[in-house]
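Below: query-v8.cif (mmCIF, C-alpha atoms and all ligand atoms)
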data_run
loop_
_atom_site.label_atom_id
_atom_site.label_comp_id
_atom_site.auth_asym_id
_atom_site.auth_seq_id
_atom_site.Cartn_x
_atom_site.Cartn_y
_atom_site.Cartn_z
CA MET A 3 50.38 111.13 115.66
CA SER A 4 50.95 109.78 112.22
CA GLU A 5 48.01 109.03 109.95
CA THR A 6 49.50 105.68 109.03
CA ALA A 7 49.38 104.42 112.60
CA TYR A 8 45.68 103.71 112.22
CA SER A 9 44.26 101.69 109.37
CA LEU A 10 40.83 100.18 109.15
CA ASP A 11 41.16 97.11 107.01
CA VAL A 12 38.85 94.54 108.54
CA SER A 13 38.63 92.20 105.58
CA PRO A 14 39.95 88.69 106.32
CA ALA A 15 42.72 89.39 103.78
CA GLY A 16 43.54 92.65 105.52
CA ARG A 17 43.76 90.98 108.91
CA ALA A 18 45.75 88.05 107.63
CA ALA A 19 48.26 90.36 105.91
CA GLY A 20 49.91 91.16 109.24
CA LYS A 21 50.42 88.38 111.75
CA GLY A 22 50.77 90.84 114.60
CA CYS A 23 51.15 88.93 117.84
CA SER A 24 49.88 85.60 116.47
CA ASP A 25 53.22 83.86 116.91
CA ALA A 26 54.64 86.13 119.60
CA PRO A 27 56.11 84.44 122.67
CA VAL A 28 53.90 84.63 125.75
CA LEU A 29 55.27 85.17 129.21
CA LYS A 30 53.44 82.54 131.27
CA GLU A 31 53.20 83.14 134.99
CA ARG A 32 51.71 80.95 137.67
CA GLY A 33 52.15 82.77 140.94
CA GLN A 34 50.03 84.74 143.35
CA ARG A 35 46.97 86.33 141.73
CA GLU A 36 45.05 89.46 142.64
CA VAL A 37 41.56 89.09 141.17
CA PHE A 38 37.96 89.02 142.31
CA CYS A 39 36.13 85.68 142.33
CA GLY A 40 33.40 84.54 139.95
CA LEU A 41 30.60 85.61 142.30
CA THR A 42 31.20 89.12 140.98
CA GLY A 43 29.47 88.14 137.72
CA ILE A 44 26.16 88.11 139.58
CA VAL A 45 26.37 91.89 139.72
CA TRP A 46 25.78 92.21 135.98
CA MET A 47 24.03 88.87 135.30
CA HIS A 48 21.14 89.56 137.69
CA ARG A 49 20.30 92.70 135.73
CA LYS A 50 20.33 90.76 132.47
CA ILE A 51 18.01 87.79 133.08
CA GLN A 52 15.13 89.67 134.57
CA ASP A 53 13.21 86.79 136.14
CA ALA A 54 16.25 84.92 137.50
CA PHE A 55 17.49 84.79 141.06
CA PHE A 56 21.08 84.01 142.09
CA LEU A 57 21.31 82.22 145.42
CA VAL A 58 24.93 82.09 146.52
CA VAL A 59 25.62 79.09 148.71
CA GLY A 60 28.55 80.41 150.65
CA SER A 61 30.09 81.90 153.74
CA ARG A 62 29.67 85.28 155.38
CA THR A 63 32.62 86.51 153.28
CA CYS A 64 30.69 85.68 150.10
CA ALA A 65 27.64 87.50 151.47
CA HIS A 66 29.76 90.57 152.21
CA LEU A 67 31.32 90.54 148.75
CA ILE A 68 27.99 90.32 146.98
CA GLN A 69 26.35 92.84 149.28
CA SER A 70 29.07 95.43 148.86
CA ALA A 71 29.60 94.87 145.14
CA ALA A 72 25.93 94.77 144.19
CA GLY A 73 24.26 96.43 147.14
CA VAL A 74 24.04 99.74 145.37
CA MET A 75 21.59 98.29 142.83
CA ILE A 76 18.24 99.01 144.38
CA PHE A 77 15.28 96.91 143.29
CA ALA A 78 11.87 96.58 144.90
CA GLU A 79 12.87 92.93 145.39
CA PRO A 80 16.51 91.85 145.15
CA ARG A 81 17.51 89.27 142.56
CA PHE A 82 20.36 87.75 144.52
CA GLY A 83 21.00 86.51 148.04
CA THR A 84 23.27 84.26 150.07
CA ALA A 85 22.43 81.04 151.88
CA ILE A 86 25.13 81.11 154.55
CA ILE A 87 26.71 77.80 155.42
CA ASP A 88 29.01 77.96 158.39
CA GLU A 89 31.26 75.53 160.14
CA ARG A 90 28.69 74.00 162.42
CA ASP A 91 26.80 72.85 159.29
CA LEU A 92 29.74 70.53 158.61
CA ALA A 93 28.39 68.28 161.35
CA GLY A 94 25.79 66.85 159.03
CA LEU A 95 25.67 67.27 155.27
CA ALA A 96 22.19 65.80 155.22
CA ASP A 97 21.09 68.69 157.43
CA ALA A 98 22.82 71.19 155.15
CA ASN A 99 20.91 69.81 152.16
CA GLU A 100 17.68 69.94 154.12
CA GLU A 101 18.37 73.52 155.16
CA LEU A 102 19.13 74.49 151.56
CA ASP A 103 15.88 72.90 150.35
CA LYS A 104 13.90 74.76 153.01
CA CYS A 105 15.62 78.01 152.11
CA VAL A 106 14.76 77.55 148.41
CA ASP A 107 11.16 76.55 149.19
CA ARG A 108 10.70 79.67 151.33
CA LEU A 109 12.23 81.92 148.68
CA LEU A 110 10.12 80.53 145.84
CA ALA A 111 6.92 80.61 147.89
CA ARG A 112 7.51 84.29 148.63
CA ARG A 113 8.69 85.23 145.13
CA PRO A 114 6.46 83.76 142.40
CA ASP A 115 8.14 86.15 139.90
CA ILE A 116 11.30 83.97 139.97
CA LYS A 117 11.35 81.64 136.95
CA MET A 118 14.98 80.57 137.04
CA LEU A 119 17.06 79.99 140.14
CA PHE A 120 20.81 79.60 140.09
CA LEU A 121 22.47 77.91 143.05
CA VAL A 122 25.91 79.51 142.90
CA GLY A 123 28.71 77.56 144.54
CA SER A 124 31.66 79.22 146.26
CA CYS A 125 35.05 78.16 147.56
CA PRO A 126 34.74 77.63 151.35
CA SER A 127 35.38 73.98 152.16
CA GLU A 128 31.95 73.66 153.79
CA VAL A 129 30.35 74.48 150.44
CA ILE A 130 32.65 72.38 148.28
CA LYS A 131 31.45 69.32 150.18
CA LEU A 132 27.86 70.03 149.18
CA ASP A 133 26.87 68.57 145.80
CA LEU A 134 25.03 71.53 144.32
CA SER A 135 24.34 69.84 141.00
CA ARG A 136 22.40 67.10 142.81
CA ALA A 137 20.69 69.75 144.90
CA ALA A 138 19.65 71.58 141.71
CA GLN A 139 18.28 68.36 140.20
CA ARG A 140 16.42 67.50 143.39
CA LEU A 141 14.93 70.98 143.69
CA SER A 142 14.10 71.13 139.98
CA ARG A 143 12.01 67.99 140.29
CA ARG A 144 10.07 69.72 143.04
CA HIS A 145 9.62 73.12 141.37
CA MET A 146 9.46 72.47 137.63
CA PRO A 147 7.69 73.58 135.45
CA ASP A 148 7.25 76.85 137.36
CA VAL A 149 10.93 77.35 138.15
CA ARG A 150 14.03 75.95 136.50
CA ILE A 151 16.84 75.39 139.01
CA LEU A 152 20.44 75.29 137.83
CA ASN A 153 23.83 75.47 139.47
CA TYR A 154 27.30 76.73 138.69
CA SER A 155 30.44 77.67 140.57
CA GLY A 156 31.51 81.25 141.24
CA SER A 157 34.41 80.05 143.33
CA GLY A 158 37.56 82.11 143.76
CA ILE A 159 39.60 79.03 142.85
CA GLU A 160 38.97 79.83 139.16
CA THR A 161 41.42 82.15 137.44
CA THR A 162 39.29 85.26 137.10
CA PHE A 163 36.01 86.94 137.97
CA THR A 164 34.53 86.85 134.46
CA GLN A 165 34.55 83.05 134.62
CA GLY A 166 31.40 83.42 136.73
CA GLU A 167 29.53 84.55 133.61
CA ASP A 168 31.09 81.75 131.57
CA ALA A 169 30.03 79.13 134.13
CA CYS A 170 26.52 80.61 134.34
CA LEU A 171 26.02 80.62 130.56
CA ALA A 172 27.54 77.15 130.19
CA SER A 173 24.93 75.89 132.69
CA LEU A 174 22.19 77.31 130.44
CA VAL A 175 23.33 75.57 127.24
CA PRO A 176 22.04 72.06 128.08
CA GLU A 177 18.68 73.65 128.95
CA ALA A 178 18.28 75.33 125.56
CA PRO A 179 15.70 73.63 123.32
CA ALA A 180 16.81 71.67 120.26
CA GLU A 181 16.40 73.25 116.83
CA ALA A 182 13.48 72.10 114.72
CA ALA A 183 14.37 69.49 112.07
CA ASN A 184 15.68 71.24 108.93
CA ALA A 185 15.89 74.52 110.82
CA GLU A 186 17.15 77.49 108.82
CA PRO A 187 20.53 78.86 109.96
CA SER A 188 20.24 81.15 112.98
CA LEU A 189 22.70 83.47 114.64
CA LEU A 190 23.34 83.30 118.37
CA VAL A 191 25.15 86.19 120.05
CA VAL A 192 26.82 84.83 123.18
CA GLY A 193 27.71 86.97 126.20
CA ALA A 194 25.83 89.39 128.44
CA LEU A 195 25.39 92.78 126.79
CA ALA A 196 23.50 95.82 128.03
CA ASP A 197 19.94 95.78 126.64
CA VAL A 198 20.57 98.98 124.71
CA VAL A 199 23.60 97.42 123.00
CA GLU A 200 21.66 94.25 122.22
CA ASP A 201 18.94 96.35 120.55
CA GLN A 202 21.53 98.20 118.45
CA PHE A 203 23.04 94.91 117.25
CA ARG A 204 19.59 93.49 116.51
CA ARG A 205 18.84 96.48 114.26
CA LEU A 206 22.21 96.14 112.48
CA PHE A 207 21.64 92.43 111.80
CA GLU A 208 18.17 93.24 110.48
CA ARG A 209 19.65 95.80 108.08
CA LEU A 210 22.17 93.20 106.93
CA GLY A 211 19.48 90.57 106.43
CA VAL A 212 21.18 88.24 108.94
CA GLY A 213 18.85 86.20 111.11
CA PRO A 214 16.94 84.96 112.94
CA VAL A 215 19.11 86.32 115.77
CA HIS A 216 19.00 85.14 119.37
CA PHE A 217 20.96 86.22 122.42
CA LEU A 218 22.43 84.16 125.25
CA PRO A 219 21.64 84.96 128.04
CA PRO A 220 18.03 85.78 127.17
CA ARG A 221 16.19 88.53 129.01
CA ARG A 222 13.55 86.05 130.21
CA ALA A 223 14.01 82.48 131.40
CA LYS A 224 11.42 81.15 128.95
CA ASP A 225 13.28 82.63 125.95
CA LEU A 226 16.24 80.28 125.91
CA PRO A 227 17.34 80.12 122.25
CA PRO A 228 17.20 76.91 120.20
CA VAL A 229 20.64 75.34 119.66
CA GLY A 230 21.83 72.79 117.12
CA PRO A 231 23.89 72.24 113.95
CA SER A 232 22.21 75.16 112.14
CA THR A 233 23.28 77.58 114.89
CA ARG A 234 26.14 79.92 114.04
CA PHE A 235 27.40 81.79 117.07
CA LEU A 236 29.39 84.95 117.64
CA LEU A 237 31.09 85.49 120.97
CA ALA A 238 30.50 88.99 122.27
CA GLN A 239 32.94 88.46 125.15
CA PRO A 240 36.40 86.88 125.11
CA PHE A 241 35.98 84.92 128.36
CA LEU A 242 33.42 82.31 127.35
CA ALA A 243 35.53 79.21 126.69
CA ASP A 244 33.27 76.73 128.54
CA THR A 245 30.09 78.16 127.03
CA ALA A 246 31.56 77.95 123.53
CA ARG A 247 32.60 74.34 124.14
CA ALA A 248 29.11 73.44 125.39
CA LEU A 249 27.54 75.03 122.30
CA GLU A 250 29.96 73.20 120.00
CA ASP A 251 29.10 69.93 121.76
CA ARG A 252 25.52 70.54 120.63
CA GLY A 253 26.64 71.05 117.02
CA ALA A 254 26.68 74.87 116.92
CA VAL A 255 29.48 76.48 114.90
CA ARG A 256 31.52 79.46 116.13
CA LEU A 257 32.18 82.26 113.67
CA SER A 258 35.75 83.44 114.04
CA ALA A 259 35.82 87.21 114.51
CA PRO A 260 37.43 90.03 116.43
CA PHE A 261 35.35 91.25 119.39
CA PRO A 262 32.88 94.11 118.85
CA LEU A 263 34.93 96.79 120.58
CA GLY A 264 35.66 100.00 118.72
CA ALA A 265 34.84 100.80 115.08
CA GLU A 266 37.23 98.21 113.71
CA GLY A 267 36.33 95.33 116.03
CA THR A 268 32.59 95.91 115.60
CA THR A 269 32.93 95.99 111.82
CA GLY A 270 34.99 92.78 111.79
CA TRP A 271 32.50 91.08 114.11
CA LEU A 272 29.49 92.05 111.96
CA LYS A 273 31.43 91.05 108.83
CA ALA A 274 31.93 87.52 110.14
CA ALA A 275 28.14 87.10 110.38
CA ALA A 276 27.56 88.88 107.06
CA ASP A 277 30.00 86.54 105.30
CA ALA A 278 28.35 83.46 106.81
CA TRP A 279 25.01 84.71 105.44
CA GLY A 280 26.49 85.71 102.05
CA VAL A 281 25.60 89.40 102.44
CA PRO A 282 26.79 91.38 99.39
CA ALA A 283 29.61 93.88 100.03
CA ALA A 284 27.47 96.86 98.99
CA ARG A 285 24.72 95.97 101.45
CA PHE A 286 27.29 95.48 104.22
CA GLU A 287 28.78 98.87 103.48
CA GLU A 288 25.39 100.56 103.40
CA ALA A 289 24.33 98.99 106.73
CA THR A 290 27.52 99.61 108.64
CA ALA A 291 29.06 102.82 107.22
CA PRO A 292 26.95 105.31 109.25
CA GLY A 293 27.64 103.56 112.59
CA ARG A 294 31.29 103.16 111.77
CA ALA A 295 31.60 106.85 110.90
CA ARG A 296 29.87 107.84 114.17
CA ALA A 297 32.20 105.57 116.14
CA GLU A 298 35.29 107.02 114.44
CA ARG A 299 34.14 110.56 115.11
CA ALA A 300 33.43 109.77 118.77
CA VAL A 301 36.84 108.14 119.28
CA GLU A 302 38.57 111.00 117.48
CA ARG A 303 37.63 113.32 120.37
CA TYR A 304 39.98 111.40 122.69
CA ARG A 305 42.65 110.44 120.21
CA ALA A 306 44.89 113.45 120.73
CA ALA A 307 44.90 112.84 124.50
CA LEU A 308 45.56 109.11 124.22
CA ASP A 309 47.97 109.13 121.29
CA GLY A 310 51.45 107.97 122.28
CA LYS A 311 50.45 107.20 125.89
CA ARG A 312 52.16 104.07 127.28
CA LEU A 313 49.80 101.47 128.75
CA PHE A 314 50.32 98.44 130.95
CA PHE A 315 47.56 95.85 131.48
CA PHE A 316 47.51 93.62 134.55
CA PRO A 317 45.55 90.39 133.97
CA ASP A 318 42.03 90.70 135.30
CA SER A 319 39.04 90.16 133.04
CA GLN A 320 40.29 88.47 129.84
CA LEU A 321 39.00 91.56 127.99
CA GLU A 322 42.56 92.87 127.87
CA PRO A 323 43.66 91.74 124.35
CA PRO A 324 40.67 93.16 122.41
CA ILE A 325 40.68 96.39 124.39
CA ALA A 326 44.44 96.73 123.91
CA ARG A 327 43.93 96.21 120.16
CA PHE A 328 41.30 98.98 120.12
CA LEU A 329 43.50 101.37 122.08
CA ALA A 330 46.57 100.71 119.93
CA ARG A 331 44.91 100.85 116.52
CA GLU A 332 42.15 103.40 117.00
CA CYS A 333 43.58 105.64 119.71
CA GLY A 334 47.33 105.49 118.99
CA VAL A 335 48.21 104.09 122.42
CA GLU A 336 51.59 102.41 122.87
CA LEU A 337 51.15 99.03 124.57
CA ILE A 338 53.91 97.93 126.91
CA GLU A 339 52.51 94.78 128.49
CA VAL A 340 49.14 93.15 127.85
CA GLY A 341 48.47 90.66 130.63
CA THR A 342 45.45 88.40 130.59
CA PRO A 343 44.45 85.69 133.07
CA PHE A 344 44.02 83.15 130.27
CA LEU A 345 44.92 83.48 126.61
CA HIS A 346 42.51 81.47 124.46
CA ARG A 347 44.46 81.43 121.20
CA GLU A 348 41.58 80.16 119.08
CA HIS A 349 39.00 82.65 120.30
CA LEU A 350 41.54 85.46 120.15
CA SER A 351 43.11 84.55 116.82
CA GLU A 352 41.66 87.58 114.98
CA GLU A 353 42.69 89.86 117.83
CA LEU A 354 46.27 88.60 118.08
CA LYS A 355 46.78 89.32 114.38
CA MET A 356 46.01 92.96 115.03
CA LEU A 357 48.10 93.51 118.16
CA PRO A 358 51.42 95.24 117.46
CA GLU A 359 54.35 92.81 117.34
CA THR A 360 56.21 94.82 119.95
CA VAL A 361 53.70 94.05 122.73
CA ARG A 362 54.82 91.96 125.70
CA LEU A 363 52.03 89.41 126.12
CA SER A 364 51.66 87.73 129.48
CA GLU A 365 49.27 85.03 130.66
CA GLY A 366 48.44 84.26 134.28
CA GLN A 367 49.99 86.21 137.12
CA ASP A 368 52.84 86.38 139.54
CA VAL A 369 51.83 89.65 141.05
CA ASP A 370 55.13 90.69 142.65
CA ARG A 371 57.11 90.09 139.47
CA GLN A 372 54.53 91.91 137.44
CA LEU A 373 54.55 94.86 139.82
CA ASP A 374 58.33 95.01 139.44
CA ARG A 375 58.00 95.14 135.64
CA CYS A 376 55.31 97.81 135.89
CA ARG A 377 57.42 99.98 138.22
CA ALA A 378 60.40 99.63 135.89
CA ASP A 379 58.30 100.54 132.84
CA ARG A 380 56.60 103.58 134.48
CA PRO A 381 53.58 103.51 132.13
CA ASP A 382 51.34 106.56 131.67
CA LEU A 383 48.35 104.39 132.57
CA THR A 384 48.05 101.03 134.32
CA VAL A 385 44.88 98.97 133.93
CA CYS A 386 44.46 96.73 136.97
CA GLY A 387 42.15 95.36 139.64
CA LEU A 388 40.92 97.42 142.56
CA GLY A 389 43.41 95.88 145.00
CA LEU A 390 46.43 97.09 143.03
CA ALA A 391 45.10 100.48 141.98
CA ASN A 392 45.49 102.38 145.24
CA PRO A 393 49.09 101.30 145.98
CA LEU A 394 50.10 102.14 142.41
CA GLU A 395 48.36 105.53 142.58
CA ALA A 396 50.31 106.19 145.80
CA GLU A 397 53.48 105.50 143.84
CA GLY A 398 52.49 108.15 141.32
CA LEU A 399 51.10 105.88 138.60
CA ALA A 400 47.74 106.65 136.99
CA THR A 401 45.41 103.63 137.07
CA LYS A 402 42.19 102.43 135.52
CA TRP A 403 40.04 99.84 137.33
CA SER A 404 39.54 97.00 134.92
CA ILE A 405 36.27 95.94 136.57
CA GLU A 406 34.65 99.09 135.14
CA LEU A 407 35.04 97.53 131.72
CA VAL A 408 32.47 94.86 132.53
CA PHE A 409 30.04 97.21 134.26
CA THR A 410 29.98 99.81 131.49
CA PRO A 411 28.36 99.29 128.07
CA ILE A 412 31.42 99.35 125.78
CA HIS A 413 30.44 97.10 122.84
CA GLY A 414 29.39 98.30 119.41
CA TYR A 415 29.67 101.45 117.33
CA GLU A 416 27.65 103.71 119.60
CA GLN A 417 29.79 102.91 122.66
CA ALA A 418 33.23 103.27 121.00
CA GLY A 419 33.60 106.87 122.19
CA ASP A 420 32.66 105.87 125.75
CA LEU A 421 35.29 103.14 125.66
CA ALA A 422 38.00 105.61 124.67
CA GLU A 423 36.72 108.06 127.27
CA LEU A 424 37.08 105.46 130.03
CA PHE A 425 40.83 105.47 129.41
CA ASN A 426 41.09 109.19 128.92
CA ARG A 427 39.39 109.97 132.26
CA PRO A 428 42.20 108.92 134.65
CA LEU A 429 44.81 110.63 132.46
CA ASP A 430 42.72 113.76 132.34
CA ARG A 431 42.24 113.69 136.13
CA ARG A 432 45.96 113.26 136.74
CA GLY A 433 46.72 116.09 134.29
CA ARG A 434 44.38 118.39 136.21
CA LEU A 435 45.89 117.43 139.57
CA LYS A 436 49.34 118.42 138.30
CA VAL A 437 48.23 121.91 137.26
S1 LIG B 501 33.62 82.48 146.69
FE1 LIG B 501 35.57 82.35 147.81
S2 LIG B 501 36.74 84.12 147.07
FE2 LIG B 501 34.58 84.50 146.55
S3 LIG B 501 33.77 85.72 148.28
FE3 LIG B 501 33.31 83.53 148.67
S4 LIG B 501 35.04 82.87 149.96
FE4 LIG B 501 35.70 84.76 148.96
#

For this file, write the structure as structure tokens.
Amino acid sequence: MSETAYSLDVSPAGRAAGKGCSDAPVLKERGQREVFCGLTGIVWMHRKIQDAFFLVVGSRTCAHLIQSAAGVMIFAEPRFGTAIIDERDLAGLADANEELDKCVDRLLARRPDIKMLFLVGSCPSEVIKLDLSRAAQRLSRRHMPDVRILNYSGSGIETTFTQGEDACLASLVPEAPAEAANAEPSLLVVGALADVVEDQFRRLFERLGVGPVHFLPPRRAKDLPPVGPSTRFLLAQPFLADTARALEDRGAVRLSAPFPLGAEGTTGWLKAAADAWGVPAARFEEATAPGRARAERAVERYRAALDGKRLFFFPDSQLEPPIARFLARECGVELIEVGTPFLHREHLSEELKMLPETVRLSEGQDVDRQLDRCRADRPDLTVCGLGLANPLEAEGLATKWSIELVFTPIHGYEQAGDLAELFNRPLDRRGRLKV
């Protein structure tokens, strides 16, 4: 590993100096896709908003998916469920609406702890015919102010499973209160983060003198943050295009930044807020240097094992470009292909500048063609969805399940080592198996 392979210049000038992949051609594919649907987002969202309930309006397949994906999370009372609509309900939509209303009434009567109820749409044709936004309005009239009822789609017709979170957060934006007249600037961090990570960021912003700071989603339904022209927002996740648009429609301004993954990304992300608040360079350095040093030390432990390893990303979560940037710049990984379901050039502009120019960027999927490229490239590690992992392992390729990246706290300085470790683990396991 050469020392020069890794540089930590997160100043805007430093990032602008290299254009990286900003103008690189993108291989666009529109074929068969292998991804989970947006219902999957319920698995992490129901842990985040602690008094919300997610009622999937779907088929038995949807119920099975949610049960098997989230069934391991044991609560005294579950925070998600499925109202199953089957074919015979097609006979009368009026009856289906009535049934849904009864189901919601029963649920809310039994569970007074629920303060926010999401009706989550799915893709079976029986469900598409139901107008869930009207159902949410109708039920809201009946249950407000005790319970706010919203709807969004978690349908598998969308391009990827993280769009479930985007749709959920976008449905919250119109519900957020307006800022007070002449409100002071506030910072909104957008995207579900583990509570422990949220607390770490809150402390860092306090040290920087940036605030007031709010988070979307909030931990409690009543704590929806105020939104308006004085709101500056930082995306914590790269898959929130609809939410960002909804915030901008209400006058909020996005701060352009890399995503807070790894020492470099976290520093660049905090710097974007610090610059907007005019934080002096010395104060920024004082507040961030200890965390950055801890992150660098933690990543260093895995650097020797990851350095020079060739990686191939299948498109799955939209987290691929920032994670690829972290692996290339902080761990010395060689990127072969970085696939992502959707490449949002504006939100990823700071990331693309930092991706090596040699990377093959692909957007969308044509799974057979991509498998052919992967087999020809024979990467040391392939990051992909669950459905592709087992066949590739059987062909002798080491794989990493990309869904783990949304279930594991990976953001911020204190999690940088864990993020590197996630990629080291399958390589380590394969190395041991060979011995
Ligand atoms: S929403 Fe569609 S893709 Fe998702 S589990 Fe239900 S039927 Fe399957």

*Which of these residues is nearest to Val369 in chain A, using only C-alpha atoms: A:Lys355, A:Gly341, A:Arg205, A:Asp97?*
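Once distances to Val369 in chain A are computed over only C-alpha atoms, the minimum belongs to A:Gly341.
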
*CA of Thr360 in chain A and CA of Arg35 in chain A are how many Å apart?*
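CA of Arg35 in chain A lies 25.1 Å from CA of Thr360 in chain A.
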
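Contacts with ligand LIG 501 (chain B) are defined as any residue atom within 6 Å of a ligand atom, using only C-alpha atoms and all ligand atoms; the residues meeting this criterion are A:Cys39, A:Leu41, A:Thr63, A:Cys64, A:Leu67, A:Ser124, A:Cys125, A:Pro126, A:Gly156, A:Ser157, A:Gly158.
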
Distance table requested - range 340-421 of chain A against range 323-332 of chain A, cut-off 9 Å, only C-alpha atoms: one row per qualifying residue with the closest atom pair and its distance in Å to one decimal, ordered by chain and rising residue number, as JSON lines.
{"residue": "A:Val340", "atom": "CA", "partner": "A:Pro323", "partner_atom": "CA", "distance": 6.7}
{"residue": "A:Gly341", "atom": "CA", "partner": "A:Pro323", "partner_atom": "CA", "distance": 8.0}
{"residue": "A:Thr342", "atom": "CA", "partner": "A:Pro323", "partner_atom": "CA", "distance": 7.3}
{"residue": "A:Leu345", "atom": "CA", "partner": "A:Pro323", "partner_atom": "CA", "distance": 8.7}
{"residue": "A:Leu350", "atom": "CA", "partner": "A:Pro323", "partner_atom": "CA", "distance": 7.8}
{"residue": "A:Glu353", "atom": "CA", "partner": "A:Pro324", "partner_atom": "CA", "distance": 6.0}
{"residue": "A:Leu354", "atom": "CA", "partner": "A:Pro323", "partner_atom": "CA", "distance": 7.5}
{"residue": "A:Met356", "atom": "CA", "partner": "A:Arg327", "partner_atom": "CA", "distance": 6.4}
{"residue": "A:Leu357", "atom": "CA", "partner": "A:Arg327", "partner_atom": "CA", "distance": 5.4}
{"residue": "A:Pro358", "atom": "CA", "partner": "A:Ala330", "partner_atom": "CA", "distance": 7.7}
{"residue": "A:Leu363", "atom": "CA", "partner": "A:Pro323", "partner_atom": "CA", "distance": 8.9}
{"residue": "A:Leu421", "atom": "CA", "partner": "A:Ile325", "partner_atom": "CA", "distance": 8.7}

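Distance check against Asn99 in chain A using only C-alpha atoms: of A:Glu406, A:Ile87, A:Val175, A:Thr245, the minimum falls on A:Ile87.
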
_Using all atoms listed in the file: which of A:Arg434, A:His66, A:His413, A:Arg371 has the shortest distance to Val199 in chain A_ = A:His413

*So how many Å separate CA of Leu337 in chain A and CA of Leu313 in chain A, to one decimal?*
5.0 Å

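Taking only C-alpha atoms into account, Ile405 in chain A lies nearest to A:Leu388 out of the set A:Leu388, A:Ala243, A:Gly334, A:Arg108.
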
*Pairwise distance for CA of Ala180 in chain A and CA of Pro228 in chain A, rounded to one decimal in Å*: 5.3 Å

Quick one: contact table of range 221-261 of chain A to range 164-167 of chain A, 12 Å max, nearest atom pair and distance in Å to one decimal per residue, counting only C-alpha atoms, chain and number order, as a Markdown table?
| residue | atom | partner | partner_atom | distance |
| --- | --- | --- | --- | --- |
| A:Gln239 | CA | A:Thr164 | CA | 9.6 |
| A:Pro240 | CA | A:Thr164 | CA | 9.5 |
| A:Phe241 | CA | A:Thr164 | CA | 6.6 |
| A:Leu242 | CA | A:Gln165 | CA | 7.4 |
| A:Ala243 | CA | A:Gln165 | CA | 8.9 |
| A:Asp244 | CA | A:Gln165 | CA | 8.9 |
| A:Thr245 | CA | A:Glu167 | CA | 9.2 |

*Go through A:Ala183, A:Met118, A:Leu399, A:Leu237 and flag the residue nearest Leu195 in chain A, using all atoms listed in the file for the distances.*
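Closest to Leu195 in chain A, using all atoms listed in the file: A:Leu237.
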
*For Asp368 in chain A, which of A:Asp53, A:Glu36, A:Asp25, A:Glu352 is the closest residue, counting all atoms listed in the file?*
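Distance minimum relative to Asp368 in chain A lands on A:Glu36.
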